[in-house]
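The structure appears below as structure tokens.
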Amino acid sequence: MKRRNRFVMLGLVPFVLVILAFQFAPLLSMLTGSIRQEDGSGFTLDYYVSIIQSAYYMKAVKNSILISICSSVVGIAIGLVSAYSITRFAPAVRDRLLMLSNMTSNFAGVPLAFAYIILLGNNGVFTLLFKQWGWSVFGDFNLYSWTGLVLVYVYFQVPLALLLLYPSFYGIRDQWQEAASLLGASPWQFWRTVGLPILTPAIFGTLGILFANAMGAYATAYALVGGNYNLLAIRIGSLVSGDVVNQPQLGSALAVILALTTLLAVILNHQMTKRAAWFSSRHTLKQASRRKSLYRRFTEAKGEAG
């Protein structure tokens, strides 16, 4: 048994090496690069100070956070309804829809931006077609603006939210809905008092993943708007690639801020998930205690009547 455990540990060596090479080494390089002076002679925090004092970079942070929040909220709302709808289909249809959602969630980056440009750009298919028909559907819509970015982000946020929320609906038993209906509860009352409290931990957890997914999106935004829109990921890419000026230390500092923002959002959502799970369990225990009390009163009344 000990020899077998040694072989198992040896099998984990390639995995550990890959994690060190592609996770911890870049992270360590980013952290040290953000505080290293340009000539490499010492360490400094001037890059963080310049970012905080710069309205240009703070605007990039604000734009990235707002777009991530909006696309995550819209994605979680649509994904919640879609996930519930998929559970109502037959298994064969459900599997095909889940496969399509999985493919859609991975369709991002340059191909997604190019597809939107072809369809909804200034000379896009739908834009020219509706304009020829005299419809002002996209008259005031600009794909290369904040609204266009949110629309493109929502495209890959919805299927990801669907895939993450879909298993949670199987934690809600059909017997609970039938019992609530027999007791006179409306569908809205059931979802407000039973369904949503059970789904709340999964909703908060998915929201954190969607926010991190949107904050780190670079290829889609860059292919769509280039450097014309001030986003944190685009600013990091421009500083590292050296389109105008090559400042990898400043880019590393911005990357650290991006990582801290995402990490803070994930931690906050994790705490909200734990709190929601605690409230849900407390609500369930309270309902069970109330049912026991009613049953005890019913038994006592029945005994007195007998």
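By order in the structure tokens, chains are A, B, ...; within a chain, residues start at 1; ligands start at 1, following the order shown.
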Determine which residues of segment 67-271 of chain A receive a DSSP assignment of helix (DSSP H, G or I), computed from the backbone, and state them as an MDAnalysis selection string. chainID A and resid 67:86 91:105 110:120 125:133 146:171 174:182 187:215 219:225 232:241 248:271
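Distance-wise, atom CA of Gln247 of chain A and atom CA of Phe211 of chain A end up 27.1 Å apart.
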Could you list, with a cut-off of 8 Å and counting only C-alpha atoms, the residues of segment 78-130 of chain A near segment 144-156 of chain A, each shown with its nearest atom pair and the distance in Å rounded to one decimal, rows sorted by chain and ascending number, as CSV?
```
residue,atom,partner,partner_atom,distance
A:Thr104,CA,A:Phe156,CA,6.6
A:Ser105,CA,A:Phe156,CA,4.9
A:Asn106,CA,A:Phe156,CA,7.2
A:Phe107,CA,A:Phe156,CA,7.0
A:Ala108,CA,A:Phe156,CA,6.6
A:Leu112,CA,A:Val152,CA,7.8
A:Ala113,CA,A:Val152,CA,7.4
A:Tyr116,CA,A:Val152,CA,7.5
A:Gly121,CA,A:Tyr144,CA,7.9
```
Emit the selected residues as a compact mmCIF listing (two decimals), in the first residue's frame, including C-alpha atoms.
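Saved file again_17.txt follows:
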```txt
# COMPACT_ATOMS: atom_id res chain seq x y z
CA THR A 104 -21.94 28.80 -26.96
CA SER A 105 -20.19 29.50 -23.65
CA ASN A 106 -16.83 28.78 -25.33
CA PHE A 107 -17.60 30.90 -28.39
CA ALA A 108 -15.85 34.09 -27.33
CA LEU A 112 -17.55 36.42 -31.33
CA ALA A 113 -16.59 40.06 -31.90
CA TYR A 116 -21.31 40.77 -33.99
CA GLY A 121 -21.95 46.71 -36.96
```
Neighbour list for segment 75-85 of chain A as a ChimeraX atom specification, cut-off 12 Å, only C-alpha atoms, skip fewer than 5 positions in-chain: /A:67-70,90,93-94,97-98,101,105,150-172,191,195-196,199-200,202-211,213-214
Could those residues be written to a file, using C-alpha atoms, as an mmCIF file, in the first residue's frame?
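As written to disk, again.cif reads:
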```cif
data_model
loop_
_atom_site.group_PDB
_atom_site.id
_atom_site.type_symbol
_atom_site.label_atom_id
_atom_site.label_comp_id
_atom_site.auth_asym_id
_atom_site.auth_seq_id
_atom_site.Cartn_x
_atom_site.Cartn_y
_atom_site.Cartn_z
ATOM 1 C CA ILE A 67 -19.599 46.306 -17.506
ATOM 2 C CA SER A 68 -18.850 43.171 -15.479
ATOM 3 C CA ILE A 69 -21.657 43.880 -13.002
ATOM 4 C CA CYS A 70 -24.234 44.670 -15.691
ATOM 5 C CA ALA A 90 -37.407 15.603 -22.210
ATOM 6 C CA VAL A 93 -33.912 17.515 -25.914
ATOM 7 C CA ARG A 94 -32.293 18.644 -22.663
ATOM 8 C CA LEU A 97 -29.669 22.077 -25.411
ATOM 9 C CA LEU A 98 -26.937 21.618 -22.810
ATOM 10 C CA SER A 101 -25.023 25.904 -24.340
ATOM 11 C CA SER A 105 -20.185 29.503 -23.655
ATOM 12 C CA VAL A 150 -22.490 44.658 -22.512
ATOM 13 C CA LEU A 151 -24.518 42.970 -25.269
ATOM 14 C CA VAL A 152 -21.493 41.012 -26.479
ATOM 15 C CA TYR A 153 -20.507 40.045 -22.937
ATOM 16 C CA VAL A 154 -24.022 38.823 -22.194
ATOM 17 C CA TYR A 155 -23.742 36.434 -25.134
ATOM 18 C CA PHE A 156 -21.149 34.252 -23.381
ATOM 19 C CA GLN A 157 -22.384 34.995 -19.852
ATOM 20 C CA VAL A 158 -25.847 33.502 -20.341
ATOM 21 C CA PRO A 159 -24.811 29.962 -21.374
ATOM 22 C CA LEU A 160 -22.185 29.860 -18.624
ATOM 23 C CA ALA A 161 -24.801 30.860 -16.032
ATOM 24 C CA LEU A 162 -27.174 28.258 -17.464
ATOM 25 C CA LEU A 163 -24.620 25.463 -17.134
ATOM 26 C CA LEU A 164 -23.770 26.460 -13.554
ATOM 27 C CA LEU A 165 -27.358 26.942 -12.363
ATOM 28 C CA TYR A 166 -28.914 23.992 -14.157
ATOM 29 C CA PRO A 167 -28.000 21.287 -11.567
ATOM 30 C CA SER A 168 -29.363 23.409 -8.694
ATOM 31 C CA PHE A 169 -32.948 23.078 -9.902
ATOM 32 C CA TYR A 170 -32.844 19.340 -9.278
ATOM 33 C CA GLY A 171 -32.498 20.113 -5.586
ATOM 34 C CA ILE A 172 -36.118 21.343 -5.673
ATOM 35 C CA TRP A 191 -40.718 30.217 -5.477
ATOM 36 C CA GLY A 195 -37.508 27.793 -4.433
ATOM 37 C CA LEU A 196 -35.452 30.987 -4.343
ATOM 38 C CA LEU A 199 -31.284 28.528 -5.169
ATOM 39 C CA THR A 200 -29.776 31.619 -3.516
ATOM 40 C CA ALA A 202 -25.983 28.815 -6.244
ATOM 41 C CA ILE A 203 -27.047 32.216 -7.600
ATOM 42 C CA PHE A 204 -24.446 34.113 -5.571
ATOM 43 C CA GLY A 205 -21.732 31.605 -6.429
ATOM 44 C CA THR A 206 -22.530 31.823 -10.137
ATOM 45 C CA LEU A 207 -22.623 35.615 -9.964
ATOM 46 C CA GLY A 208 -19.061 35.689 -8.651
ATOM 47 C CA ILE A 209 -17.847 33.427 -11.463
ATOM 48 C CA LEU A 210 -19.607 35.554 -14.086
ATOM 49 C CA PHE A 211 -18.077 38.736 -12.678
ATOM 50 C CA ASN A 213 -15.214 35.954 -16.289
ATOM 51 C CA ALA A 214 -16.207 39.424 -17.509
#
```
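In this structure, atom CA of Tyr47 of chain A sits 5.6 Å away from atom CA of Leu250 of chain A.
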Give the answer as one residue: which of A:Gly251, A:Leu260, A:Thr127, A:Gly227 has the shortest atom-to-atom distance to Ser50 of chain A, using only C-alpha atoms? A:Gly251
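Distance-wise, atom CA of Ile234 of chain A and atom CA of Gly216 of chain A end up 10.0 Å apart.
Comparing A:Arg88, A:Leu120, A:Tyr57, A:Arg36 by their smallest distance to Leu239 of chain A, the closest is A:Tyr57 (using only C-alpha atoms).
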